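Notes follow the structure.
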Amino acid sequence: MDTNTIVVLLQSTIRVSVPLILTALAGLYAERSGVVDIGLEGKMLAAAFAGAATAAVTGSAITGVGAAMLVSVALSLVHGYASISQRGDQIVSGTAINFIAAGATVILGQAWFQQGGRTPALSADARLLTYKLPGADAVRDVPVLGPIYSGLISGHYILTYFAFAMVPITWWVLYRTRFGLRLRAVGENPGAVDTAGISVVRMRYLAVICGGMLCGLAGAYLSMALANGFVKNMSAGRGFIALAALVFANWKPKNILLTCLLFGFLDALSIYSQNVELPIMSSIPDQAIQALPYILTVILLAGFIGKASPPKASGVPYVKER
């Protein structure tokens, strides 16, 4: 491969990794507090629909992103009410959200826009736009440095830079702030935290709200950046892939970034190989290449689920001792 081919492939890797990173970080906040969030897929899908539908009607990308976050946070609060306040089964609650989102987005899309569950194509003002970094044009023709800076680092969406920035920010929040210490303590030993006078319920609600906001951004990115509107089931299992990345990364921000980039690379490779013949890859059926991210998900979950160490109180409803 020449330099340009590598840059294009890596740029695509970054682009398709963004929703995985945001969604995996959303799951990290929830699970570090002891709440298992199987509903990541559903919240991302609902946010993608809400963002695209609102942007299509209002013509404003900012309004669309706000609507996506609002819907995702609302679903997170539903999950929180069922699993935290009512101490229900967290897996059942998250699965219900996935089913509701999958059905409601199609029904509402057809009722509102009569396009088979799709939203209208978004105008330029209603889409998220790319951002060119300073000096990108000036160094474009410089060997090696030019393609890397102008083609790989510059020219991404604002949410792309935000997603990558959220990885060190999340690490700092979890490991260097009082909020993060309390959040991790709630996920490990909620009884001790409650004895210290800290509300377990409040901390868990804050965690699922943080996760809802990040899921909302992931959904908005799908329908307003990667695509030009919403289509049926456009999340395509990314929520479950993000959940697998979270487990494989052992609930650590840095590992989440690397794992999501690996999934993103396989996804980008499957897309790129459909248009360009690559060495070795040309002899592999397209269907097998497209299935690579999902095959890797199964392999990782089967091979590492027993070795990963989730927070001790993860998935366990907290009952306050009297």
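For the structure tokens, the naming scheme is as follows: chains receive sequential letters (A, B, ...) according to their order of presentation, residues are indexed from 1 within each chain, and ligands are indexed from 1 in presentation order.
Of the residues in segment 8-202 of chain A, those given strand (DSSP E or B) by DSSP on the backbone are Thr130, Tyr131, His156 and Tyr157 of chain A.
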Find the spatial neighbours of Tyr161 of chain A, counting only C-alpha atoms, within a cut-off of 10 Å - ignore same-chain residues fewer than 4 positions away - and output them as an NGL selection string.
:A and (14 or 18 or 131 or 153-154 or 156-157 or 165-166)
Which neighbours of segment 103-119 of chain A fall inside 10 Å, counting only C-alpha atoms, when residues of the same chain fewer than 4 positions from it are skipped, and could you give them as JSON, numbers by chain?
{"A": [42, 45, 46, 47, 48, 49, 50, 52, 53, 54, 55, 56, 57, 98, 99, 223, 228, 229, 230, 231, 232, 233]}
Go ahead and save the picked residues with N, CA and C atoms, as a PDB file, in the first residue's frame.
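As a result, out_32.pdb now contains:
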ATOM      1  N   GLY A  42     -30.171   0.507  21.840  1.00  0.00           N
ATOM      2  CA  GLY A  42     -31.460   1.176  21.675  1.00  0.00           C
ATOM      3  C   GLY A  42     -31.370   2.680  21.854  1.00  0.00           C
ATOM      4  N   LEU A  45     -29.783   4.204  18.776  1.00  0.00           N
ATOM      5  CA  LEU A  45     -30.717   4.196  17.649  1.00  0.00           C
ATOM      6  C   LEU A  45     -31.783   5.266  17.814  1.00  0.00           C
ATOM      7  N   ALA A  46     -32.350   5.367  19.010  1.00  0.00           N
ATOM      8  CA  ALA A  46     -33.377   6.386  19.262  1.00  0.00           C
ATOM      9  C   ALA A  46     -32.797   7.788  19.113  1.00  0.00           C
ATOM     10  N   ALA A  47     -31.565   7.980  19.579  1.00  0.00           N
ATOM     11  CA  ALA A  47     -30.920   9.297  19.452  1.00  0.00           C
ATOM     12  C   ALA A  47     -30.656   9.630  17.991  1.00  0.00           C
ATOM     13  N   ALA A  48     -30.267   8.632  17.202  1.00  0.00           N
ATOM     14  CA  ALA A  48     -30.024   8.855  15.774  1.00  0.00           C
ATOM     15  C   ALA A  48     -31.302   9.320  15.089  1.00  0.00           C
ATOM     16  N   PHE A  49     -32.424   8.695  15.440  1.00  0.00           N
ATOM     17  CA  PHE A  49     -33.701   9.099  14.842  1.00  0.00           C
ATOM     18  C   PHE A  49     -34.105  10.496  15.306  1.00  0.00           C
ATOM     19  N   ALA A  50     -34.020  10.735  16.604  1.00  0.00           N
ATOM     20  CA  ALA A  50     -34.426  12.033  17.140  1.00  0.00           C
ATOM     21  C   ALA A  50     -33.577  13.156  16.559  1.00  0.00           C
ATOM     22  N   ALA A  52     -31.831  13.212  13.641  1.00  0.00           N
ATOM     23  CA  ALA A  52     -32.087  13.425  12.215  1.00  0.00           C
ATOM     24  C   ALA A  52     -33.469  14.025  11.981  1.00  0.00           C
ATOM     25  N   ALA A  53     -34.477  13.540  12.720  1.00  0.00           N
ATOM     26  CA  ALA A  53     -35.835  14.055  12.542  1.00  0.00           C
ATOM     27  C   ALA A  53     -35.915  15.533  12.934  1.00  0.00           C
ATOM     28  N   THR A  54     -35.328  15.883  14.052  1.00  0.00           N
ATOM     29  CA  THR A  54     -35.360  17.277  14.505  1.00  0.00           C
ATOM     30  C   THR A  54     -34.571  18.180  13.566  1.00  0.00           C
ATOM     31  N   ALA A  55     -33.408  17.710  13.137  1.00  0.00           N
ATOM     32  CA  ALA A  55     -32.593  18.511  12.214  1.00  0.00           C
ATOM     33  C   ALA A  55     -33.295  18.695  10.876  1.00  0.00           C
ATOM     34  N   ALA A  56     -33.998  17.661  10.426  1.00  0.00           N
ATOM     35  CA  ALA A  56     -34.713  17.763   9.144  1.00  0.00           C
ATOM     36  C   ALA A  56     -35.845  18.780   9.214  1.00  0.00           C
ATOM     37  N   VAL A  57     -36.521  18.843  10.353  1.00  0.00           N
ATOM     38  CA  VAL A  57     -37.657  19.759  10.511  1.00  0.00           C
ATOM     39  C   VAL A  57     -37.196  21.183  10.770  1.00  0.00           C
ATOM     40  N   ASN A  98     -34.005  -1.612  23.996  1.00  0.00           N
ATOM     41  CA  ASN A  98     -33.573  -1.957  22.630  1.00  0.00           C
ATOM     42  C   ASN A  98     -34.759  -2.266  21.738  1.00  0.00           C
ATOM     43  N   PHE A  99     -35.701  -3.063  22.240  1.00  0.00           N
ATOM     44  CA  PHE A  99     -36.874  -3.428  21.444  1.00  0.00           C
ATOM     45  C   PHE A  99     -37.758  -2.215  21.175  1.00  0.00           C
ATOM     46  N   SER A 223     -26.455   9.584  12.359  1.00  0.00           N
ATOM     47  CA  SER A 223     -27.453  10.044  11.385  1.00  0.00           C
ATOM     48  C   SER A 223     -27.175  11.422  10.810  1.00  0.00           C
ATOM     49  N   ASN A 228     -26.710  10.765   5.891  1.00  0.00           N
ATOM     50  CA  ASN A 228     -27.420  12.002   5.584  1.00  0.00           C
ATOM     51  C   ASN A 228     -28.874  11.890   6.011  1.00  0.00           C
ATOM     52  N   GLY A 229     -29.084  11.342   7.205  1.00  0.00           N
ATOM     53  CA  GLY A 229     -30.436  11.136   7.702  1.00  0.00           C
ATOM     54  C   GLY A 229     -30.539   9.776   8.361  1.00  0.00           C
ATOM     55  N   PHE A 230     -31.724   9.492   8.874  1.00  0.00           N
ATOM     56  CA  PHE A 230     -31.952   8.231   9.586  1.00  0.00           C
ATOM     57  C   PHE A 230     -32.505   7.178   8.650  1.00  0.00           C
ATOM     58  N   VAL A 231     -32.017   5.940   8.806  1.00  0.00           N
ATOM     59  CA  VAL A 231     -32.586   4.781   8.118  1.00  0.00           C
ATOM     60  C   VAL A 231     -32.825   3.689   9.153  1.00  0.00           C
ATOM     61  N   LYS A 232     -33.694   2.782   8.847  1.00  0.00           N
ATOM     62  CA  LYS A 232     -34.102   1.718   9.772  1.00  0.00           C
ATOM     63  C   LYS A 232     -32.896   0.934  10.297  1.00  0.00           C
ATOM     64  N   ASN A 233     -32.838   0.786  11.614  1.00  0.00           N
ATOM     65  CA  ASN A 233     -31.796  -0.015  12.287  1.00  0.00           C
ATOM     66  C   ASN A 233     -30.379   0.395  11.880  1.00  0.00           C
TER      67      ASN A 233
END
Taking a cut-off of 12 Å and counting only C-alpha atoms, can you build a table that, for each residue of segment 177-241 of chain A near segment 66-76 of chain A, reports the nearest atom pair and how far apart they are in Å (one decimal), sorted by chain then residue number, as a tab-separated table?
residue	atom	partner	partner_atom	distance
A:Arg204	CA	A:Ser76	CA	10.9
A:Tyr205	CA	A:Ser76	CA	8.7
A:Leu206	CA	A:Ser76	CA	10.1
A:Ala207	CA	A:Ser76	CA	9.5
A:Val208	CA	A:Ser76	CA	5.8
A:Ile209	CA	A:Val73	CA	5.7
A:Cys210	CA	A:Val73	CA	8.0
A:Gly211	CA	A:Ser76	CA	7.6
A:Gly212	CA	A:Val73	CA	4.3
A:Met213	CA	A:Met69	CA	5.1
A:Leu214	CA	A:Met69	CA	7.5
A:Cys215	CA	A:Ser72	CA	6.4
A:Gly216	CA	A:Met69	CA	4.0
A:Leu217	CA	A:Met69	CA	6.2
A:Ala218	CA	A:Ala68	CA	8.9
A:Gly219	CA	A:Ala68	CA	6.8
A:Ala220	CA	A:Ala68	CA	5.9
A:Tyr221	CA	A:Ala68	CA	9.6
A:Leu222	CA	A:Ala68	CA	10.8
A:Ser223	CA	A:Ala68	CA	10.0
A:Met224	CA	A:Ala68	CA	10.4
A:Phe230	CA	A:Ala68	CA	11.9
Generate a file of the selected residues that holds N, CA, C and O atoms, formatted as a PDB file, in the first residue's frame.
ATOM      1  N   ARG A 204     -25.722   6.706  41.087  1.00  0.00           N
ATOM      2  CA  ARG A 204     -26.057   5.841  39.945  1.00  0.00           C
ATOM      3  C   ARG A 204     -26.900   6.581  38.909  1.00  0.00           C
ATOM      4  O   ARG A 204     -26.724   6.372  37.708  1.00  0.00           O
ATOM      5  N   TYR A 205     -27.788   7.437  39.363  1.00  0.00           N
ATOM      6  CA  TYR A 205     -28.560   8.241  38.409  1.00  0.00           C
ATOM      7  C   TYR A 205     -27.644   9.197  37.635  1.00  0.00           C
ATOM      8  O   TYR A 205     -27.810   9.377  36.418  1.00  0.00           O
ATOM      9  N   LEU A 206     -26.711   9.810  38.316  1.00  0.00           N
ATOM     10  CA  LEU A 206     -25.767  10.692  37.626  1.00  0.00           C
ATOM     11  C   LEU A 206     -24.959   9.924  36.583  1.00  0.00           C
ATOM     12  O   LEU A 206     -24.686  10.435  35.492  1.00  0.00           O
ATOM     13  N   ALA A 207     -24.593   8.684  36.916  1.00  0.00           N
ATOM     14  CA  ALA A 207     -23.818   7.868  35.987  1.00  0.00           C
ATOM     15  C   ALA A 207     -24.621   7.535  34.733  1.00  0.00           C
ATOM     16  O   ALA A 207     -24.105   7.641  33.614  1.00  0.00           O
ATOM     17  N   VAL A 208     -25.880   7.133  34.898  1.00  0.00           N
ATOM     18  CA  VAL A 208     -26.672   6.777  33.721  1.00  0.00           C
ATOM     19  C   VAL A 208     -27.017   8.023  32.894  1.00  0.00           C
ATOM     20  O   VAL A 208     -27.173   7.939  31.667  1.00  0.00           O
ATOM     21  N   ILE A 209     -27.124   9.179  33.546  1.00  0.00           N
ATOM     22  CA  ILE A 209     -27.358  10.420  32.798  1.00  0.00           C
ATOM     23  C   ILE A 209     -26.132  10.765  31.949  1.00  0.00           C
ATOM     24  O   ILE A 209     -26.261  11.142  30.781  1.00  0.00           O
ATOM     25  N   CYS A 210     -24.936  10.630  32.532  1.00  0.00           N
ATOM     26  CA  CYS A 210     -23.699  10.851  31.759  1.00  0.00           C
ATOM     27  C   CYS A 210     -23.650   9.903  30.569  1.00  0.00           C
ATOM     28  O   CYS A 210     -23.309  10.300  29.442  1.00  0.00           O
ATOM     29  N   GLY A 211     -24.002   8.646  30.810  1.00  0.00           N
ATOM     30  CA  GLY A 211     -24.023   7.673  29.723  1.00  0.00           C
ATOM     31  C   GLY A 211     -25.047   8.031  28.663  1.00  0.00           C
ATOM     32  O   GLY A 211     -24.802   7.870  27.462  1.00  0.00           O
ATOM     33  N   GLY A 212     -26.210   8.517  29.091  1.00  0.00           N
ATOM     34  CA  GLY A 212     -27.239   8.914  28.125  1.00  0.00           C
ATOM     35  C   GLY A 212     -26.794  10.055  27.234  1.00  0.00           C
ATOM     36  O   GLY A 212     -27.070  10.064  26.025  1.00  0.00           O
ATOM     37  N   MET A 213     -26.082  11.003  27.793  1.00  0.00           N
ATOM     38  CA  MET A 213     -25.590  12.135  26.998  1.00  0.00           C
ATOM     39  C   MET A 213     -24.592  11.662  25.937  1.00  0.00           C
ATOM     40  O   MET A 213     -24.650  12.084  24.775  1.00  0.00           O
ATOM     41  N   LEU A 214     -23.693  10.770  26.329  1.00  0.00           N
ATOM     42  CA  LEU A 214     -22.699  10.270  25.373  1.00  0.00           C
ATOM     43  C   LEU A 214     -23.353   9.408  24.303  1.00  0.00           C
ATOM     44  O   LEU A 214     -22.979   9.471  23.124  1.00  0.00           O
ATOM     45  N   CYS A 215     -24.332   8.599  24.696  1.00  0.00           N
ATOM     46  CA  CYS A 215     -25.071   7.794  23.712  1.00  0.00           C
ATOM     47  C   CYS A 215     -25.818   8.693  22.725  1.00  0.00           C
ATOM     48  O   CYS A 215     -25.927   8.383  21.536  1.00  0.00           O
ATOM     49  N   GLY A 216     -26.355   9.787  23.245  1.00  0.00           N
ATOM     50  CA  GLY A 216     -27.044  10.730  22.370  1.00  0.00           C
ATOM     51  C   GLY A 216     -26.122  11.323  21.327  1.00  0.00           C
ATOM     52  O   GLY A 216     -26.489  11.464  20.153  1.00  0.00           O
ATOM     53  N   LEU A 217     -24.908  11.664  21.722  1.00  0.00           N
ATOM     54  CA  LEU A 217     -23.932  12.194  20.769  1.00  0.00           C
ATOM     55  C   LEU A 217     -23.549  11.133  19.739  1.00  0.00           C
ATOM     56  O   LEU A 217     -23.369  11.444  18.554  1.00  0.00           O
ATOM     57  N   ALA A 218     -23.429   9.883  20.181  1.00  0.00           N
ATOM     58  CA  ALA A 218     -23.100   8.791  19.248  1.00  0.00           C
ATOM     59  C   ALA A 218     -24.207   8.627  18.212  1.00  0.00           C
ATOM     60  O   ALA A 218     -23.938   8.446  17.017  1.00  0.00           O
ATOM     61  N   GLY A 219     -25.467   8.683  18.660  1.00  0.00           N
ATOM     62  CA  GLY A 219     -26.578   8.559  17.731  1.00  0.00           C
ATOM     63  C   GLY A 219     -26.651   9.715  16.751  1.00  0.00           C
ATOM     64  O   GLY A 219     -26.883   9.517  15.545  1.00  0.00           O
ATOM     65  N   ALA A 220     -26.439  10.931  17.248  1.00  0.00           N
ATOM     66  CA  ALA A 220     -26.437  12.100  16.364  1.00  0.00           C
ATOM     67  C   ALA A 220     -25.332  11.996  15.329  1.00  0.00           C
ATOM     68  O   ALA A 220     -25.515  12.363  14.159  1.00  0.00           O
ATOM     69  N   TYR A 221     -24.186  11.480  15.738  1.00  0.00           N
ATOM     70  CA  TYR A 221     -23.067  11.313  14.805  1.00  0.00           C
ATOM     71  C   TYR A 221     -23.432  10.333  13.692  1.00  0.00           C
ATOM     72  O   TYR A 221     -23.088  10.550  12.520  1.00  0.00           O
ATOM     73  N   LEU A 222     -24.146   9.265  14.035  1.00  0.00           N
ATOM     74  CA  LEU A 222     -24.521   8.267  13.035  1.00  0.00           C
ATOM     75  C   LEU A 222     -25.405   8.861  11.945  1.00  0.00           C
ATOM     76  O   LEU A 222     -25.165   8.659  10.749  1.00  0.00           O
ATOM     77  N   SER A 223     -26.455   9.584  12.359  1.00  0.00           N
ATOM     78  CA  SER A 223     -27.453  10.044  11.385  1.00  0.00           C
ATOM     79  C   SER A 223     -27.175  11.422  10.810  1.00  0.00           C
ATOM     80  O   SER A 223     -27.742  11.782   9.771  1.00  0.00           O
ATOM     81  N   MET A 224     -26.281  12.189  11.443  1.00  0.00           N
ATOM     82  CA  MET A 224     -26.054  13.552  10.991  1.00  0.00           C
ATOM     83  C   MET A 224     -24.636  13.799  10.484  1.00  0.00           C
ATOM     84  O   MET A 224     -24.320  14.890  10.017  1.00  0.00           O
ATOM     85  N   PHE A 230     -31.724   9.492   8.874  1.00  0.00           N
ATOM     86  CA  PHE A 230     -31.952   8.231   9.586  1.00  0.00           C
ATOM     87  C   PHE A 230     -32.505   7.178   8.650  1.00  0.00           C
ATOM     88  O   PHE A 230     -33.356   7.455   7.814  1.00  0.00           O
TER      89      PHE A 230
END
Quick one: everything within 12 Å of Thr3 of chain A, counting only C-alpha atoms, minus sequence neighbours fewer than 5 positions away in the same chain. Send it as number ranges by chain.
A: 8-10, 143-148, 151-152
Output file for the residues above (N, CA and C atoms, as a PDB file, in the first residue's frame):
ATOM      1  N   VAL A   8      -6.006   7.035   3.909  1.00  0.00           N
ATOM      2  CA  VAL A   8      -7.457   6.916   3.675  1.00  0.00           C
ATOM      3  C   VAL A   8      -8.059   5.844   4.577  1.00  0.00           C
ATOM      4  N   LEU A   9      -7.372   4.715   4.683  1.00  0.00           N
ATOM      5  CA  LEU A   9      -7.871   3.618   5.509  1.00  0.00           C
ATOM      6  C   LEU A   9      -7.898   4.004   6.991  1.00  0.00           C
ATOM      7  N   LEU A  10      -6.846   4.682   7.443  1.00  0.00           N
ATOM      8  CA  LEU A  10      -6.801   5.094   8.839  1.00  0.00           C
ATOM      9  C   LEU A  10      -7.807   6.205   9.133  1.00  0.00           C
ATOM     10  N   PRO A 143       6.054  15.870   2.142  1.00  0.00           N
ATOM     11  CA  PRO A 143       6.098  14.402   2.204  1.00  0.00           C
ATOM     12  C   PRO A 143       5.863  13.898   3.626  1.00  0.00           C
ATOM     13  N   VAL A 144       5.098  12.832   3.742  1.00  0.00           N
ATOM     14  CA  VAL A 144       4.790  12.136   4.990  1.00  0.00           C
ATOM     15  C   VAL A 144       3.983  13.023   5.950  1.00  0.00           C
ATOM     16  N   LEU A 145       4.578  14.154   6.402  1.00  0.00           N
ATOM     17  CA  LEU A 145       3.892  15.017   7.354  1.00  0.00           C
ATOM     18  C   LEU A 145       2.597  15.575   6.769  1.00  0.00           C
ATOM     19  N   GLY A 146       2.626  15.965   5.500  1.00  0.00           N
ATOM     20  CA  GLY A 146       1.461  16.574   4.865  1.00  0.00           C
ATOM     21  C   GLY A 146       0.245  15.658   4.868  1.00  0.00           C
ATOM     22  N   PRO A 147       0.366  14.427   4.314  1.00  0.00           N
ATOM     23  CA  PRO A 147      -0.792  13.528   4.317  1.00  0.00           C
ATOM     24  C   PRO A 147      -1.280  13.176   5.720  1.00  0.00           C
ATOM     25  N   ILE A 148      -0.345  13.048   6.666  1.00  0.00           N
ATOM     26  CA  ILE A 148      -0.742  12.680   8.021  1.00  0.00           C
ATOM     27  C   ILE A 148      -1.527  13.814   8.689  1.00  0.00           C
ATOM     28  N   GLY A 151      -4.538  15.023   5.946  1.00  0.00           N
ATOM     29  CA  GLY A 151      -5.477  13.983   5.554  1.00  0.00           C
ATOM     30  C   GLY A 151      -5.969  13.114   6.693  1.00  0.00           C
ATOM     31  N   LEU A 152      -5.123  12.902   7.703  1.00  0.00           N
ATOM     32  CA  LEU A 152      -5.483  11.987   8.789  1.00  0.00           C
ATOM     33  C   LEU A 152      -5.952  12.718  10.045  1.00  0.00           C
TER      34      LEU A 152
END
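In this model, the gap between atom CA of Thr130 of chain A and atom CA of Gly155 of chain A comes to 5.5 Å.
Residue nearest Ser85 of chain A within the list A:Asp137, A:Val173, A:Ile100, A:Val35: A:Val35 [criterion: smallest interatomic distance, only C-alpha atoms].
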Near segment 309-315 of chain A, counting only C-alpha atoms, which residues have an atom at most 9 Å away, once you skip same-chain residues fewer than 4 positions from it, shown as a tab-separated table (two decimals) with N, CA and C atoms, in the first residue's frame?
chain	number	residue	atom	x	y	z
A	31	GLU	N	-21.59	1.31	34.21
A	31	GLU	CA	-21.14	0.07	34.86
A	31	GLU	C	-20.18	0.33	36.00
A	32	ARG	N	-19.42	1.41	35.95
A	32	ARG	CA	-18.57	1.75	37.08
A	32	ARG	C	-19.40	2.11	38.32
A	33	SER	N	-20.64	2.49	38.10
A	33	SER	CA	-21.53	2.78	39.22
A	33	SER	C	-22.32	1.56	39.65
A	34	GLY	N	-22.19	0.45	38.92
A	34	GLY	CA	-22.89	-0.77	39.27
A	34	GLY	C	-24.14	-1.04	38.46
A	35	VAL	N	-24.38	-0.25	37.40
A	35	VAL	CA	-25.56	-0.42	36.56
A	35	VAL	C	-25.14	-1.00	35.20
A	36	VAL	N	-25.59	-2.19	34.88
A	36	VAL	CA	-25.31	-2.79	33.58
A	36	VAL	C	-26.24	-2.17	32.55
A	37	ASP	N	-25.68	-1.68	31.45
A	37	ASP	CA	-26.50	-0.97	30.45
A	37	ASP	C	-26.49	-1.73	29.13
A	83	SER	N	-34.22	0.04	37.13
A	83	SER	CA	-33.15	-0.77	37.72
A	83	SER	C	-32.59	-0.22	39.03
A	89	ASP	N	-34.63	-6.07	37.19
A	89	ASP	CA	-33.54	-6.74	36.50
A	89	ASP	C	-32.96	-5.79	35.44
A	90	GLN	N	-31.69	-5.49	35.55
A	90	GLN	CA	-31.06	-4.51	34.66
A	90	GLN	C	-30.95	-5.02	33.23
A	91	ILE	N	-30.76	-6.31	33.04
A	91	ILE	CA	-30.67	-6.89	31.70
A	91	ILE	C	-32.02	-6.79	30.99
A	184	ARG	N	-16.76	5.02	41.47
A	184	ARG	CA	-16.14	3.70	41.49
A	184	ARG	C	-16.44	2.96	42.79
A	186	VAL	N	-19.17	3.25	44.55
A	186	VAL	CA	-20.55	2.79	44.47
A	186	VAL	C	-20.62	1.47	43.68
A	187	GLY	N	-19.80	1.36	42.64
A	187	GLY	CA	-19.79	0.14	41.84
A	187	GLY	C	-19.10	-1.02	42.52
A	188	GLU	N	-18.26	-0.74	43.49
A	188	GLU	CA	-17.53	-1.81	44.18
A	188	GLU	C	-18.20	-2.21	45.49
A	189	ASN	N	-18.57	-1.22	46.29
A	189	ASN	CA	-19.13	-1.50	47.61
A	189	ASN	C	-20.15	-0.44	47.99
A	190	PRO	N	-21.36	-0.54	47.44
A	190	PRO	CA	-22.35	0.51	47.70
A	190	PRO	C	-22.74	0.63	49.16
A	247	VAL	N	-16.10	-4.67	27.76
A	247	VAL	CA	-15.71	-5.85	28.52
A	247	VAL	C	-14.26	-6.23	28.22
A	250	ASN	N	-11.68	-4.24	29.84
A	250	ASN	CA	-11.64	-4.38	31.30
A	250	ASN	C	-12.05	-3.09	32.01
A	251	TRP	N	-13.00	-2.38	31.40
A	251	TRP	CA	-13.60	-1.18	32.00
A	251	TRP	C	-12.57	-0.08	32.27
A	305	ILE	N	-14.60	-12.96	28.43
A	305	ILE	CA	-15.65	-12.59	29.38
A	305	ILE	C	-15.35	-13.16	30.76
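Each of A:Gly27, A:Gly39, A:Gly88, A:Gly59 was compared to Arg127 of chain A using only C-alpha atoms, and A:Gly59 turns out to be the nearest.
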